[in-house]
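What follows is a short report on a single structure.
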Amino acid sequence: MASNYETCKPKWMSTSFFESALRSAEEDNNITVISTEVTAATAAGDNYGSEMYRVVVKFRRGTKTEEISIIVKASKQQSQGMIAKMMSVRNIFDQETAAFAIVFPTMYKLLDEVPSLNNQPFSAKYLYSDSHETASSIVLEDLKVKGFRLADNRTSGLDVKHCLLVMRTIARYHAASLVQYQKDPTIFEPLMDNVFSIDKDNGSKEFIEANINRVAKEVNTWPEYDTFLKKLQNLRDTAVEKWRLGVTRNGEFNVLCHGDLWLNNMMFRYSEDAAEVEDLRFVDFQLTYWTSPAVDLHYFMYTSASAEALEHSELLIQEYYNTLCEILTLLKHPHLKPSMSMINEELEKRGLFAVLCSIVVRSVVMVDRSNMPDIENMVDEKETISLTEKYKGSLKKLLLLFDARGWI
């Protein structure tokens, strides 16, 4: 029996679409698609800006019949709401396609020339893309087939081992982009901004303010935290502008940031006994753009690191810095190394962005999946989320930390 996705799959997702995708990816025009099986690739709450399909394609190449599992990422079919408005501000699918099809291959070429890096990619393999009036789509390899999966600890955040791996991987990504920019800055032109760095209403105002209100309402029940209530209320009134300033490029050291580096935009591979995390791939590059590395560092740590891991934030930043410098040296561009003080200055300058990440995004990241509301309904306040006890506990520690650092 066909799955719900199979019976309701978009009309454009036809046999000819898959033939074009596989012929392009395999550079073989003799491929003929025999059948496809389409299912949902993500669960509710795992992805907001697109529809994700997992497709098992059976095809014939000459006299040989083969089968492959791929991921098709397609723009959401909706005419209104926050996500649609963000899409209208900037075509984020075109931006992601440019990253996969134009920029990443040049970065991989640089990294592949260093034997000690073991040809380790930071993303899924790009296969094909298509854009027309109905929808835009990107076809990628299925990382699940290679043993990658989402981390299990969404409601508590990633532990130190996961966080260290993230720091090493994002440092490799940043370093490769920095070197490639020196070689050919023109290919990064489509990635110089994203929907949040552009001074234009992108539809996120209500979402940001609603989450600050939700957190402020909770903080109001903590007598010993009464001094923070007024600060949160004041922050709400300027939050959108502060967010934009937090992600905008304005320093001397910039790289290609992922832009949306939270734990559901990364897939991990583990040892056979699942005791050790061994490898990582980033997904969803719709917001990737050229700005300060502090944007990725703050966004990741204050949305996705566990409370315990955040107690080792200096260790995480040091791991990032050491890896960044190591990769730049291996790529024979040691002169591009920033100083540690420069990285710390960028982090300090964007301290308020870290505060916003912990309030606006972390509260949603750590929600119980069984109680995951639709993001558009959250904006309209038709649905709400219950702040988990783990989130409340981490927020109490973070507010004190932010206050001590003068970030709030």
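Just so we're on the same page: first chain in the structure tokens is A, next is B, and so on; residues restart at 1 for each chain, and ligands are numbered from 1 in the order they show up.
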
- Message: Using only C-alpha atoms, which protein or nucleic acid residues come within 12 Å of region 389-399 of chain A? Drop anything in the same chain fewer than 4 positions from it, and give the result as JSON, numbers by chain.
- Response: {"A": [153, 154, 155, 156, 157, 214, 215, 216, 217, 218, 219, 221, 222, 223, 224, 225, 226, 227, 228, 229, 231, 232, 301, 302, 303, 304, 305, 306, 307, 308, 309, 310, 311, 313, 351, 352, 354, 355, 356, 357, 358, 359, 360, 361, 362, 363, 364, 365, 366, 367, 368, 385, 403, 404, 405, 406, 407, 408]}

- Using backbone DSSP assignments, extract all strand (DSSP E or B) residues from region 3-73 of chain A; output them as an MDAnalysis selection string. chainID A and resid 31:40 50:61 64:73

- Item | Best match for closeness to Lys337 (chain A) among A:Gln286, A:Ser136, A:Asn254, A:Thr186, counting only C-alpha atoms | A:Asn254

Fewer than 2 positions away in the same chain doesn't count, so skip those; otherwise give me all residues within 10 Å of region 106-120 of chain A, counting only C-alpha atoms, as a CSV table (one decimal) with N, CA, C and O atoms, in the first residue's frame.
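Final file, result-v2.csv:
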chain,number,residue,atom,x,y,z
A,100,PHE,N,25.4,24.6,-2.1
A,100,PHE,CA,25.7,23.2,-2.4
A,100,PHE,C,26.3,23.1,-3.8
A,100,PHE,O,27.3,22.3,-3.9
A,101,ALA,N,25.8,23.8,-4.8
A,101,ALA,CA,26.2,23.6,-6.1
A,101,ALA,C,27.5,24.3,-6.5
A,101,ALA,O,28.2,23.9,-7.4
A,102,ILE,N,27.7,25.5,-5.9
A,102,ILE,CA,28.8,26.3,-6.4
A,102,ILE,C,29.9,26.5,-5.3
A,102,ILE,O,31.1,26.3,-5.6
A,103,VAL,N,29.6,26.8,-4.1
A,103,VAL,CA,30.6,27.1,-3.1
A,103,VAL,C,31.2,25.9,-2.4
A,103,VAL,O,32.4,25.7,-2.3
A,104,PHE,N,30.3,24.9,-2.0
A,104,PHE,CA,30.9,23.8,-1.2
A,104,PHE,C,31.8,22.9,-2.1
A,104,PHE,O,32.9,22.5,-1.5
A,122,PHE,N,31.5,18.0,5.5
A,122,PHE,CA,30.7,18.6,6.6
A,122,PHE,C,29.2,18.6,6.2
A,122,PHE,O,28.4,19.1,7.0
A,123,SER,N,28.8,18.1,5.0
A,123,SER,CA,27.4,18.1,4.6
A,123,SER,C,27.1,16.8,3.9
A,123,SER,O,28.0,16.1,3.5
A,169,THR,N,34.1,20.6,13.7
A,169,THR,CA,33.5,20.6,12.3
A,169,THR,C,33.2,22.0,11.8
A,169,THR,O,33.5,22.3,10.6
A,172,ARG,N,36.3,23.7,10.7
A,172,ARG,CA,36.8,23.2,9.4
A,172,ARG,C,36.0,23.9,8.3
A,172,ARG,O,36.6,24.3,7.3
A,173,TYR,N,34.7,24.0,8.5
A,173,TYR,CA,33.8,24.7,7.6
A,173,TYR,C,34.3,26.2,7.4
A,173,TYR,O,34.4,26.7,6.3
A,174,HIS,N,34.4,26.9,8.5
A,174,HIS,CA,34.8,28.3,8.5
A,174,HIS,C,36.2,28.5,7.9
A,174,HIS,O,36.4,29.4,7.0
A,175,ALA,N,37.1,27.6,8.2
A,175,ALA,CA,38.5,27.8,7.7
A,175,ALA,C,38.5,27.6,6.2
A,175,ALA,O,39.2,28.4,5.4
A,176,ALA,N,37.8,26.6,5.7
A,176,ALA,CA,37.8,26.3,4.2
A,176,ALA,C,37.2,27.5,3.5
A,176,ALA,O,37.6,27.9,2.4
A,177,SER,N,36.1,28.0,4.1
A,177,SER,CA,35.5,29.2,3.4
A,177,SER,C,36.4,30.4,3.4
A,177,SER,O,36.4,31.1,2.4
A,178,LEU,N,37.2,30.6,4.4
A,178,LEU,CA,38.1,31.7,4.5
A,178,LEU,C,39.1,31.7,3.5
A,178,LEU,O,39.4,32.6,2.8
A,179,VAL,N,39.7,30.5,3.3
A,179,VAL,CA,40.8,30.3,2.3
A,179,VAL,C,40.2,30.4,0.9
A,179,VAL,O,40.8,31.1,0.0
A,180,GLN,N,39.0,29.8,0.7
A,180,GLN,CA,38.4,29.9,-0.7
A,180,GLN,C,38.0,31.3,-1.0
A,180,GLN,O,38.1,31.8,-2.2
A,181,TYR,N,37.6,32.1,0.0
A,181,TYR,CA,37.3,33.5,-0.3
A,181,TYR,C,38.5,34.3,-0.8
A,181,TYR,O,38.4,35.2,-1.6
A,183,LYS,N,40.8,33.1,-2.5
A,183,LYS,CA,41.1,32.6,-3.9
A,183,LYS,C,40.1,33.2,-4.9
A,183,LYS,O,40.4,33.6,-6.0
A,184,ASP,N,38.8,33.2,-4.5
A,184,ASP,CA,37.8,33.7,-5.4
A,184,ASP,C,36.6,34.2,-4.6
A,184,ASP,O,35.6,33.5,-4.4
A,187,ILE,N,32.4,34.0,-5.9
A,187,ILE,CA,31.5,32.9,-5.7
A,187,ILE,C,30.6,33.0,-4.5
A,187,ILE,O,29.6,32.4,-4.3
A,279,ASP,N,31.2,10.9,14.1
A,279,ASP,CA,31.2,11.8,12.9
A,279,ASP,C,30.0,12.7,12.9
A,279,ASP,O,29.0,12.4,13.7
A,280,LEU,N,30.0,13.7,12.0
A,280,LEU,CA,29.0,14.7,12.0
A,280,LEU,C,28.8,15.2,10.6
A,280,LEU,O,29.8,15.4,9.9
A,281,ARG,N,27.5,15.5,10.3
A,281,ARG,CA,27.2,16.2,9.1
A,281,ARG,C,26.2,17.3,9.4
A,281,ARG,O,25.2,17.1,10.1
A,327,ILE,N,43.6,24.0,10.7
A,327,ILE,CA,43.1,23.8,9.3
A,327,ILE,C,43.7,24.9,8.4
A,327,ILE,O,44.1,24.6,7.3
A,330,LEU,N,47.2,23.8,7.7
A,330,LEU,CA,47.2,22.7,6.7
A,330,LEU,C,46.8,23.2,5.3
A,330,LEU,O,47.3,22.6,4.3
A,331,LEU,N,46.0,24.2,5.2
A,331,LEU,CA,45.6,24.7,3.9
A,331,LEU,C,46.6,25.8,3.4
A,331,LEU,O,46.4,26.4,2.4
A,332,LYS,N,47.7,25.9,4.1
A,332,LYS,CA,48.8,26.8,3.7
A,332,LYS,C,48.4,28.3,3.7
A,332,LYS,O,48.9,29.0,2.8

- Task: Check the DSSP output for the backbone and give back, as a ChimeraX atom specification, the residues of region 310-377 of chain A in alpha helix (DSSP H).
- Result: /A:310,313-330,340-349,351-356,362-365,375-377

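For the set A:Trp12, A:Trp243, A:Phe285, A:Phe18, the residue with the smallest atom-to-atom gap to Glu209 (chain A) is A:Trp243, counting only C-alpha atoms.
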
- Please indicate the distance in Å from CA of Glu67 (chain A) to CA of Phe268 (chain A), rounded to one decimal place. 24.1 Å

- Between A:Asp260, A:Glu278, A:Glu189, A:Glu27, smallest distance to Gly147 (chain A) by only C-alpha atoms belongs to A:Glu278

- For Ile68 (chain A), work out the shell of residues within 10 Å, counting only C-alpha atoms and skipping chain neighbours fewer than 2 positions away, then give it as a ChimeraX atom specification. /A:22,36,55-59,66,70,141-142,145

Okay, now the selection with N, CA and C atoms, as a PDB file, in the first residue's frame?
ATOM      1  N   LEU A  22      18.843  11.769 -11.048  1.00  0.00           N
ATOM      2  CA  LEU A  22      19.834  10.693 -11.057  1.00  0.00           C
ATOM      3  C   LEU A  22      20.774  10.802 -12.263  1.00  0.00           C
ATOM      4  N   THR A  36       9.265   4.528  -7.493  1.00  0.00           N
ATOM      5  CA  THR A  36       9.684   5.353  -6.352  1.00  0.00           C
ATOM      6  C   THR A  36       8.773   5.084  -5.166  1.00  0.00           C
ATOM      7  N   VAL A  55      13.064   9.278  -0.387  1.00  0.00           N
ATOM      8  CA  VAL A  55      12.557   8.575  -1.570  1.00  0.00           C
ATOM      9  C   VAL A  55      13.489   7.415  -1.924  1.00  0.00           C
ATOM     10  N   VAL A  56      12.923   6.235  -1.966  1.00  0.00           N
ATOM     11  CA  VAL A  56      13.667   5.069  -2.439  1.00  0.00           C
ATOM     12  C   VAL A  56      13.355   4.931  -3.922  1.00  0.00           C
ATOM     13  N   VAL A  57      14.381   5.074  -4.728  1.00  0.00           N
ATOM     14  CA  VAL A  57      14.217   5.040  -6.187  1.00  0.00           C
ATOM     15  C   VAL A  57      14.822   3.757  -6.738  1.00  0.00           C
ATOM     16  N   LYS A  58      14.031   3.004  -7.453  1.00  0.00           N
ATOM     17  CA  LYS A  58      14.539   1.834  -8.171  1.00  0.00           C
ATOM     18  C   LYS A  58      14.714   2.235  -9.631  1.00  0.00           C
ATOM     19  N   PHE A  59      15.897   2.000 -10.167  1.00  0.00           N
ATOM     20  CA  PHE A  59      16.165   2.449 -11.525  1.00  0.00           C
ATOM     21  C   PHE A  59      16.999   1.421 -12.287  1.00  0.00           C
ATOM     22  N   GLU A  66      19.160  -1.098 -10.122  1.00  0.00           N
ATOM     23  CA  GLU A  66      19.757  -0.592  -8.880  1.00  0.00           C
ATOM     24  C   GLU A  66      18.710   0.121  -8.046  1.00  0.00           C
ATOM     25  N   ILE A  70      17.313   8.594  -1.397  1.00  0.00           N
ATOM     26  CA  ILE A  70      17.724   9.995  -1.468  1.00  0.00           C
ATOM     27  C   ILE A  70      16.783  10.860  -0.644  1.00  0.00           C
ATOM     28  N   GLU A 141      22.052  13.189  -0.884  1.00  0.00           N
ATOM     29  CA  GLU A 141      22.213  11.803  -0.439  1.00  0.00           C
ATOM     30  C   GLU A 141      21.475  11.608   0.876  1.00  0.00           C
ATOM     31  N   ASP A 142      21.061  10.401   1.150  1.00  0.00           N
ATOM     32  CA  ASP A 142      20.363  10.070   2.387  1.00  0.00           C
ATOM     33  C   ASP A 142      21.400   9.686   3.444  1.00  0.00           C
ATOM     34  N   VAL A 145      21.198   6.334   5.526  1.00  0.00           N
ATOM     35  CA  VAL A 145      21.742   5.096   4.953  1.00  0.00           C
ATOM     36  C   VAL A 145      23.185   4.895   5.395  1.00  0.00           C
TER      37      VAL A 145
END

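Taking CA of Tyr320 (chain A) and CA of Met167 (chain A) as the two end points, the separation is 4.9 Å.
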